Each structure stands twice: as structure tokens, then as C-alpha cells.
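Working notes, beginning with the structure itself.
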Amino acid sequence: MRFQDNKEMLHGGDYNADQWRDRPDILAEDIRLMKKAGVNTVTLCVFSWSALEPMEDVYTFEWLDKLMDSMAENQIHVILSTPSGGKPPWMAAKHPDIMRTNKDRIRLFYGERENHCNSNLYFRKKVRQIDEKLASRYAKHPALMLWHISNEMYGQCHCDECQQNFRLWLKNKYQTIDRLNQEYWSSFWSHSYTDWSEISSPFRYGETAIHGLELDYQRFYSDLSIDFLKKEIEAVRKFTPEIPVTTNMFHLNCGIHYGRLSEHIDLIAWDSYPRWHCAGRRNSEWETAVSAAFGYDFSRSLQKKPFLLMESTPSTTNGFEVSKLKRPGMHMLSSMQAVACGADSVQYFQWRKSRGGYEKFHGAVISQNGSCETRVYREVEEVGRVLKSLSCLKGAQTKAEAAMIYDWDSLRALDEQKSMRRQNKGIEETMLEHYEALLKNYISVDIIDQTAEFSEYSLIAAPMLYMFLPGTAEKIRQFIRNGGTFVMTYYSGLVNENDLVYEGYPPYSLQDIFGVASEETDCLCDGEANHFTYNNVSYQATHYCDILQHQGAEVLSVYEDDFYKGAPVFTRKKAGEGYGCYLACRAEKAFLYAMYSDLINETGIRRITDTVFTEDVMVKERFSKTDRYQFFMNFSDEKRTILSYELDGYECKVIETKIL
Ligand code: GLA
Ligand code: ZN
């Protein structure tokens, strides 16, 4: 069945059936158990290259033919993966240069996975061949529903071929070496280039001092990875133009600009492995839930439509220092959380545990005991039952009136820059603190980057928007003039797209709008704090404190300590129809909650609910054409009362209301 025609939420996961090619009994039992658990989708071939091409140009698809047929006979859809994430040893033995050269300029030997060079022409050729074989063979197969390109693409290669491609990329971007020198400010320490050939990628034992270069290598490699992906997409689309494609994203700092990548795929797929129960305290799931929700909201916002939860574990992982079991009920709750944030599926890594290999102890629906008489299986079966009852949710949208800017370019630059805080910059934490404050105000939030359209929102939060890309300052100005409320913080609007500091005061060119100018930034040591009062409550300012020149903003709070006592710390200025708010410090969570609460009230953004619940209750919302679905999720293991319902520990309640 076509993906577009499917009316159900997807339930299933990675099925590494090639490991059981000699066990028809197991393959048959898997189908029985899948159907019993309400599994309607499997992802095949993620790492099956050896099983498909055991020797160069010798193809063995027969096992997959049978498997595809048996999936079709049993009404189980197939998400078919291209196998480029893992490669057979024969390939590297003949062509060692398919292996990645790492940041220390050491070429990897064969091993592991997802570590090929994205420039290597032989590898690209082999990938194209296998992709075309798969696509042409299964183009008309009734089980084929969706393409899954490669697997969790990430990282960089620094081989000679990649360096060559980098130089071409730079030439295309800067046109002349003079222009590059200018943007890199390379006269500093006498690093001015005279020829493109003198440039090489940033390297621990080489150049690490040019921030523009570091940033460009990241951008170049992201572009190269996306180009690799595009070639794979072309290979399968040639035979299956009507089958959508996706690739599983997993880590916001994996080296790939997901915003740009998402322009080339039909839908977003996200892998999520929250570390439940690991904070060492009972009932400390809230923060884990916040960061999981951030990933889901990010995924949904990329294309502003539902996404797939492509991987999650039904029980435990094997990738962390300590991998705990999901406590009873947590599997249902964490699955529902993804759905609440906009997922149209719950899929697992993995259906069946392998008997050997790196991940033999990673959680799966079916363990080596082969049984369905297990806690994990029963919980998965329950998720299958609930998803079936929620098929009305498929395609349901999220309507966000607020957004938070989480910008790839700016964050990569912020990571690299050598500022007054070299350690514990707290960037990710800060992003999550602002996000959490918005979430706790029970509003829907999109996570966007600075290139996004701002006009559909009433409130935009932009914590630490260090870099302004061309046009951003003007967009912010227009957004505010047209009635939006924009929250700018310390460390914002400092540099241009190449990390070159803007002339004038930060935030670049917006003093008239915000009514403040940042003259200096004080960095506080861990444990130190300044203080300020807002609405008669005292709060802490930590880590970064911008010292502002007052240029006409309404001052809502001032610093109370140190030599900048009395200087503004939280300000607001009306400009046109809207407001520019400036928060000069990293402020404690309680303040962020109070600040956003006031801003939400003032902008009139609709809350999902007006009742305030205990700390550990997360509230989310989706809309179908006819109904509104409110999700109330209890992340504590104790009972909570929500409106007139009593929720058990780890319970999620969905309330459906007709809107038509
Ligand atoms: C990733 C990979 C999977 C598997 C899981 C384990 O998400 O895509 O192949 O290794 O991690 O958690
Ligand atoms: Zn390379």
C-alpha cells in the first residue's frame, strides 16, 4: 500500500531478518508475533549489504523476495532501507579509501559502520548500483511503502579527496582568495592565504584558529552528506517516483544541517532514545521528557507536519554508561509522548535481538528467549492496541503560535568560538531551559531556525542567537513592527555568517527596536550569581551577564550586585505594533517561566489548558480536521489528578473534543 493511502498509525520497527535467513521457523514465528502485537510495518535491510551483495557484483536477493512477499501476504508494510550505512569487508579490502579519514588525519581500517568517505567515487558507484537494484526489483512490490535512505548519517571525513572538494566548495562560495581572507580575517597571526591549495580542513595538529574555516568545513561536510543522500534518492526515485523517501535523523549536533536536509526528503523520521530513570532520583523523569519533547517538536517543525518515530527502544539500550529498563508503563507513556508531539508512528530498534554482534543485548520486542510471554512484549502489544484506536490522529496537526529559534549555523559557531567561557558554555542547557519554560506554560511551540518564516508566530524566543545570517536583523525588525513579541538574550547578534564580528553594538543593528545596546559581557564562574527582582520575586543571574547601555527601553529589572548594579537586565520596548524584549543574563528557570507566562498572557497566545498541574505533567495538543486532542502525560510514578481524571503513574490521557 502506498504510504499516502495508509490510514493507520504505523507500529513496528527495524527487522534484521537477514540474520535469520537460515531459520524459516523464526521468520514464520516473527510474522505471527508481529500480527499479535499489532505491528503493521517493518524496516528491512538497514544493514543488509553483505546479505544482498556477498561478493562484488554477485547479488543475492532471493531471501528478500520471499520476505517481501510474506510481508505483503500478511498486510505488513515495508520501509525499505538502502544499505549504505554498513558495508561489506570485501569492499574496503579492495578499496581502503572508502573508509573515512578522521579529524586526526588517520584513515580508519575496516570495521564498525556509518564511517565511509562521502566523496569516494567508488563507494558512490557501489551505493548507486545496489540502490538501483533494490528499487528496480521491488518497484511494483505491494509491500513497499517508504524508502529509508542509509542510516543516521553523521560525521566528517578529512581525506585528500574531501579536501579537494572542500576547496572547490570554498571557491564557489568566496570566488576569490582575497574575499576568503577578508571573511576569515586571516591577517590575524599572519594566516593570509595566497592560493586555494594552501587551505586544508581544521585539524588538531594544524589550523584550529580560524573560526570561519571551522564553520565552513562543517557546512561543506553537511552539504556533501546531503549531496550523498540526494544521489541515493535519485537512484530509488528513478524506479519508484511515487514512493516517498525519508532518512532517520537522530542527533541535533551530528554534523548535518537537518533544516537543509529536510528539503530533499518527503517526510521526517526521528530516532529517540531518552535516558529514562537515569537521573539517580525517583520521579526525575521530567527533564528527560523535556529533552525528548524538544527532539519531537524539532522534527515536526522541520516540515510543519507529522513525522515518524523511526526508532525507539521497547525496553533498554546498550549505548549508555548505564542502560536502565523502562519501568512498567514508561513504554506506553514515552510512545504516547512522541505521538502527542506529532509522530504518526511508534517504531522500534529492534524487533528481534540478534544472537551475536555489538547490539545483542540492546532492547528488542522479542528477546533471545523467543517468547511473547514477557513484560516487554505485553507492553508493546498494548501500544499496538492503543495506536489502532488512535488512527483518527494520523495526519493531525499542531498549531503553534510561538516558536523558538534553534539555529544550526549560529550554534555551530557558538560551540567553536573562543570566548570568555571556554568551558560549560551551557548552550544546549540554555536552549532547553527556554523551551521548558514555554512547555510548562502549556502552549504549542515550533522549533525553527533563523531562515524560517517568522510571520506566522506571535512570540519568538531566540536564546543566544550569536550569529545573524544576512537578512535576519531585518526580519526581526519587521516581525516586531508587525506586532510580534521577540525575546532576544545576551550573546546575540554578534557575528555575521562567517563568524566575523559586526561593527557597532550587539544585537547587530537593532538598538532602535530593543532600546538597548550590549557594551560588555561579564562571564560568571560556576556557582556565582548576580541577582535581580521581577514582579517582587528575586531571581539569580548566572554564567553570562550583558552590561547594557540604556537606549530607551522600558527597564523591568536591574542587576542588584557588582559594579554594574543598577544596569538593566530585563527590558522591553514597543516598536511598531510589537515588542522587543531583551534578557541580558542566563536566568534561572523560575524566572523564565514567569517571563514567558507574562508574555504569553500579553500576546494572547492560546494555552492548551488554563489549569496549572503539578511539575511533572506535560500537556500537548494535535488537531485533525474535526477534532482537538489534548494529551495529559504524567511523568511521575504517582497518581495525579488532571481536570476530573485521575491519572496513574506514567499514564497518558487523551481527551478528544469535536471542533466542528
Ligand atoms: C541507532 C541506530 C540503530 C541502533 C540503535 C541502538 O539509532 O540507527 O541501528 O544501533 O542506535 O540504540
Ligand atoms: Zn573523504
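Chains: A, B, ... in order of the C-alpha cells. Residues: from 1 per chain. Ligands: from 1, in order shown.
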Could you tell me, counting only C-alpha atoms and all ligand atoms, which protein and nucleic acid residues lie no more than 6 Å from ligand 1, written as a CSV table (one decimal) with N, CA, C and O atoms, in the first residue's frame?
chain,number,residue,atom,x,y,z
A,151,ASN,N,21.4,5.3,7.1
A,151,ASN,CA,21.0,5.2,8.5
A,151,ASN,C,21.8,6.2,9.3
A,151,ASN,O,23.0,6.2,9.3
A,152,GLU,N,21.1,7.0,10.0
A,152,GLU,CA,21.7,8.0,10.9
A,152,GLU,C,23.0,8.6,10.4
A,152,GLU,O,24.1,8.4,10.9
A,271,ASP,N,14.9,9.3,15.4
A,271,ASP,CA,15.2,8.2,16.3
A,271,ASP,C,15.4,8.8,17.7
A,271,ASP,O,16.1,9.8,17.9
A,317,THR,N,18.6,0.1,26.2
A,317,THR,CA,19.6,0.3,25.2
A,317,THR,C,20.9,-0.4,25.6
A,317,THR,O,20.9,-1.0,26.7
A,349,PHE,N,13.8,0.2,17.4
A,349,PHE,CA,15.0,-0.6,17.2
A,349,PHE,C,15.1,-1.5,18.4
A,349,PHE,O,15.3,-1.0,19.5
Need to verify the contact set: Leu108 in chain A, 7 Å, only C-alpha atoms, exclusion of same-chain residues closer than 6 positions in sequence. Can you return it as a compact mmCIF listing (two decimals) with N, CA and C atoms, in the first residue's frame?
# COMPACT_ATOMS: atom_id res chain seq x y z
N MET A 99 37.06 4.14 3.27
CA MET A 99 36.97 4.38 4.72
C MET A 99 37.30 5.85 5.01
N ARG A 100 36.66 6.33 6.04
CA ARG A 100 36.80 7.74 6.44
C ARG A 100 38.20 8.03 7.00
N THR A 101 38.69 9.22 6.72
CA THR A 101 39.90 9.72 7.37
C THR A 101 39.44 10.65 8.48
Residues within 6 Å of ligand 2 (only C-alpha atoms and all ligand atoms), as a PDB file with N, CA and C atoms, in the first residue's frame?
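So the final result, stored in pocket_23.pdb, reads:
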ATOM      1  N   ARG A 100      36.661   6.330   6.042  1.00  0.00           N
ATOM      2  CA  ARG A 100      36.800   7.737   6.436  1.00  0.00           C
ATOM      3  C   ARG A 100      38.197   8.031   7.003  1.00  0.00           C
ATOM      4  N   CYS A 117      33.726   7.490   3.428  1.00  0.00           N
ATOM      5  CA  CYS A 117      34.017   8.824   2.916  1.00  0.00           C
ATOM      6  C   CYS A 117      32.900   9.201   1.946  1.00  0.00           C
ATOM      7  N   ASN A 118      32.351  10.371   2.116  1.00  0.00           N
ATOM      8  CA  ASN A 118      31.226  10.764   1.255  1.00  0.00           C
ATOM      9  C   ASN A 118      31.660  11.261  -0.116  1.00  0.00           C
ATOM     10  N   SER A 119      32.975  11.444  -0.299  1.00  0.00           N
ATOM     11  CA  SER A 119      33.452  11.873  -1.618  1.00  0.00           C
ATOM     12  C   SER A 119      33.800  10.683  -2.503  1.00  0.00           C
ATOM     13  N   CYS A 157      34.704  13.377   7.006  1.00  0.00           N
ATOM     14  CA  CYS A 157      35.929  12.728   6.554  1.00  0.00           C
ATOM     15  C   CYS A 157      36.912  13.844   6.193  1.00  0.00           C
ATOM     16  N   HIS A 158      38.200  13.589   6.390  1.00  0.00           N
ATOM     17  CA  HIS A 158      39.218  14.607   6.091  1.00  0.00           C
ATOM     18  C   HIS A 158      40.252  14.085   5.094  1.00  0.00           C
ATOM     19  N   CYS A 159      39.844  13.181   4.216  1.00  0.00           N
ATOM     20  CA  CYS A 159      40.814  12.612   3.268  1.00  0.00           C
ATOM     21  C   CYS A 159      41.157  13.642   2.173  1.00  0.00           C
ATOM     22  N   GLU A 161      40.623  13.567  -0.986  1.00  0.00           N
ATOM     23  CA  GLU A 161      39.511  13.809  -1.909  1.00  0.00           C
ATOM     24  C   GLU A 161      38.507  14.788  -1.296  1.00  0.00           C
ATOM     25  N   CYS A 162      38.235  14.615  -0.022  1.00  0.00           N
ATOM     26  CA  CYS A 162      37.311  15.538   0.656  1.00  0.00           C
ATOM     27  C   CYS A 162      37.920  16.942   0.723  1.00  0.00           C
TER      28      CYS A 162
END
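Between Val42 in chain A and the residues A:Arg375, A:His211, A:His148, A:Arg281, the shortest atom-to-atom distance, using only C-alpha atoms, involves A:His148.
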- [ ] Just list the residues in range 319-545 of chain A DSSP gives strand (DSSP E or B) on the backbone, as an MDAnalysis selection string.
- [x] chainID A and resid 343 345:348 352 366 397 402:405 445:448 459:462 467 485:489 495 501 516:523 530:534 537:545
Task: Atomic distance CA of Val346 in chain A - CA of Ser624 in chain A, expressed in Å with one decimal - done: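 Taking CA of Val346 in chain A as the start and CA of Ser624 in chain A as the end point, the length is 18.8 Å.
The coordinates place CA of Arg219 in chain A at 22.2 Å from CA of Met404 in chain A.
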Task: Contacts of Ser197 in chain A at 10 Å (only C-alpha atoms; same-chain gap of 6+ positions) as a list of chain:residue names - done: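 These residues fall inside the cut-off: A:Gln163, A:Gln164, A:Arg167.
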Open item on the list: Which residues are close to Ala517 in chain A, i.e. within 10 Å by only C-alpha atoms, leaving aside same-chain residues fewer than 3 positions away? Reply as a PyMOL selection string.
Closed with: chain A and resi 504-512+514+520+546-551+582
Open item on the list: DSSP on the backbone, alpha helix (DSSP H) only: what residues of range 83-220 of chain A does that give? Format it as an MDAnalysis selection string.
Closed with: chainID A and resid 89:94 121:138 160:174 177:184 211:220
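The space between CA of Asn601 in chain A and CA of Met431 in chain A spans 21.8 Å.
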TODO: Tell me which of A:Ser186, A:Ser150, A:Ser48, A:Thr641 sits closest to Ser84 in chain A, counting only C-alpha atoms.
DONE: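 Among the listed residues, A:Ser150 lies closest to Ser84 in chain A.
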TODO: Point out the residue among A:Leu438, A:Ala364, A:Cys341, A:Met633 with the least atom-to-atom distance to Ser597 in chain A, counting only C-alpha atoms.
DONE: A:Leu438
- [ ] Name the closest residue to Gly426 in chain A among the candidates A:Lys440, A:Arg260, A:Arg137, A:Arg586; distances are taken between atoms, counting only C-alpha atoms.
- [x]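 Under the stated criterion, the closest residue is A:Arg586.
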TODO: May I ask which of the residues A:Ile210, A:Val127, A:Met1, A:Ala292 is the closest one to Glu416 in chain A, counting only C-alpha atoms?
DONE: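 So, comparing all the options, the nearest one is A:Ile210.
In this comparison, which uses only C-alpha atoms, the residue of A:Leu432, A:Leu599, A:Ala594, A:Leu44 approaching Gly578 in chain A most closely is A:Leu599.
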Determine, using only C-alpha atoms, which residues of range 110-214 of chain A have any atom at most 10 Å from an atom of range 65-71 of chain A, and tabulate each with its shortest atom pair and distance in Å to one decimal place, rows ordered by chain and then rising number, as a Markdown table.
| residue | atom | partner | partner_atom | distance |
| --- | --- | --- | --- | --- |
| A:Arg137 | CA | A:Asp65 | CA | 8.8 |
| A:Tyr138 | CA | A:Asp65 | CA | 8.4 |
| A:His141 | CA | A:Met68 | CA | 7.7 |
| A:Pro142 | CA | A:Asp69 | CA | 8.3 |
| A:Ala143 | CA | A:Met68 | CA | 6.3 |
| A:Leu144 | CA | A:Met68 | CA | 8.0 |
Open item on the list: Please list as a list in words every residue within 10 Å of Thr614 in chain A, counting only C-alpha atoms and excluding residues in the same chain fewer than 3 positions away.
Closed with: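 Listing them by chain and then by number gives Lys440, Val617, Met618, Asn634, Ser636, Arg640, Thr641 and Ile642 of chain A.
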- [ ] Find the residues near range 485-493 of chain A: any atom within 6 Å, counting only C-alpha atoms, skip ones fewer than 6 places away on the same chain, and give them as a ChimeraX atom specification.
- [x] /A:459-468,506-508,546,578-585
Keeping only C-alpha atoms, write those residues as a compact mmCIF listing (two decimals), in the first residue's frame.
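File part37.txt, as written:
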# COMPACT_ATOMS: atom_id res chain seq x y z
CA LEU A 459 6.01 35.11 20.05
CA ILE A 460 9.54 34.09 19.14
CA ALA A 461 12.20 33.19 21.69
CA ALA A 462 15.79 33.38 20.46
CA PRO A 463 18.16 32.41 23.27
CA MET A 464 21.81 33.12 22.45
CA LEU A 465 21.31 33.89 18.77
CA TYR A 466 25.02 34.62 18.45
CA MET A 467 25.10 34.75 14.66
CA PHE A 468 22.82 36.82 12.46
CA PRO A 506 25.15 43.96 19.58
CA PRO A 507 22.46 42.97 18.86
CA TYR A 508 23.54 43.98 15.40
CA ASP A 546 25.45 41.50 29.35
CA GLY A 578 5.06 44.68 18.75
CA TYR A 579 7.64 44.34 21.48
CA GLY A 580 11.35 43.68 21.57
CA CYS A 581 12.31 42.08 24.89
CA TYR A 582 15.93 41.75 25.96
CA LEU A 583 17.11 39.36 28.67
CA ALA A 584 20.70 40.23 29.49
CA CYS A 585 21.68 37.18 31.56
Please, which residues in range 276-345 of chain A fall within 10 Å of range 384-398 of chain A when counting only C-alpha atoms, and what is the closest atom pair and distance in Å to one decimal for each, ordered by chain then residue number, as a tab-separated table?
residue	atom	partner	partner_atom	distance
A:Asp297	CA	A:Thr398	CA	9.5
A:Arg300	CA	A:Thr398	CA	8.5
A:Ser301	CA	A:Thr398	CA	9.2
A:Lys304	CA	A:Thr398	CA	8.1
A:Lys305	CA	A:Gln397	CA	6.3
A:Pro306	CA	A:Gly395	CA	6.0
A:Phe307	CA	A:Gly395	CA	9.0
A:Met332	CA	A:Val386	CA	8.9
A:Ser335	CA	A:Leu387	CA	9.5
A:Met336	CA	A:Leu387	CA	8.8
A:Val339	CA	A:Leu393	CA	8.6
A:Ala340	CA	A:Thr398	CA	9.2
A:Cys341	CA	A:Thr398	CA	7.7
A:Gly342	CA	A:Thr398	CA	6.9
A:Ala343	CA	A:Lys394	CA	8.5
A:Asp344	CA	A:Lys394	CA	5.6
A:Ser345	CA	A:Leu387	CA	8.2
Given the selection you just returned, output its residues as a file containing C-alpha atoms, formatted as a CSV table (one decimal), in the first residue's frame.
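Saved to part_13.csv:
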chain,number,residue,atom,x,y,z
A,297,ASP,CA,9.0,19.3,18.3
A,300,ARG,CA,7.7,18.1,13.5
A,301,SER,CA,8.7,21.7,12.9
A,304,LYS,CA,5.4,21.5,9.8
A,305,LYS,CA,3.7,18.2,9.6
A,306,PRO,CA,3.6,14.8,11.4
A,307,PHE,CA,6.8,12.8,11.4
A,332,MET,CA,3.4,3.4,26.7
A,335,SER,CA,5.4,6.2,22.9
A,336,MET,CA,2.4,8.4,23.5
A,339,VAL,CA,2.5,10.8,19.2
A,340,ALA,CA,1.4,13.8,21.3
A,341,CYS,CA,4.2,15.9,19.7
A,342,GLY,CA,3.2,14.9,16.2
A,343,ALA,CA,4.5,11.4,15.5
A,344,ASP,CA,2.4,9.3,13.2
A,345,SER,CA,4.2,6.1,14.3
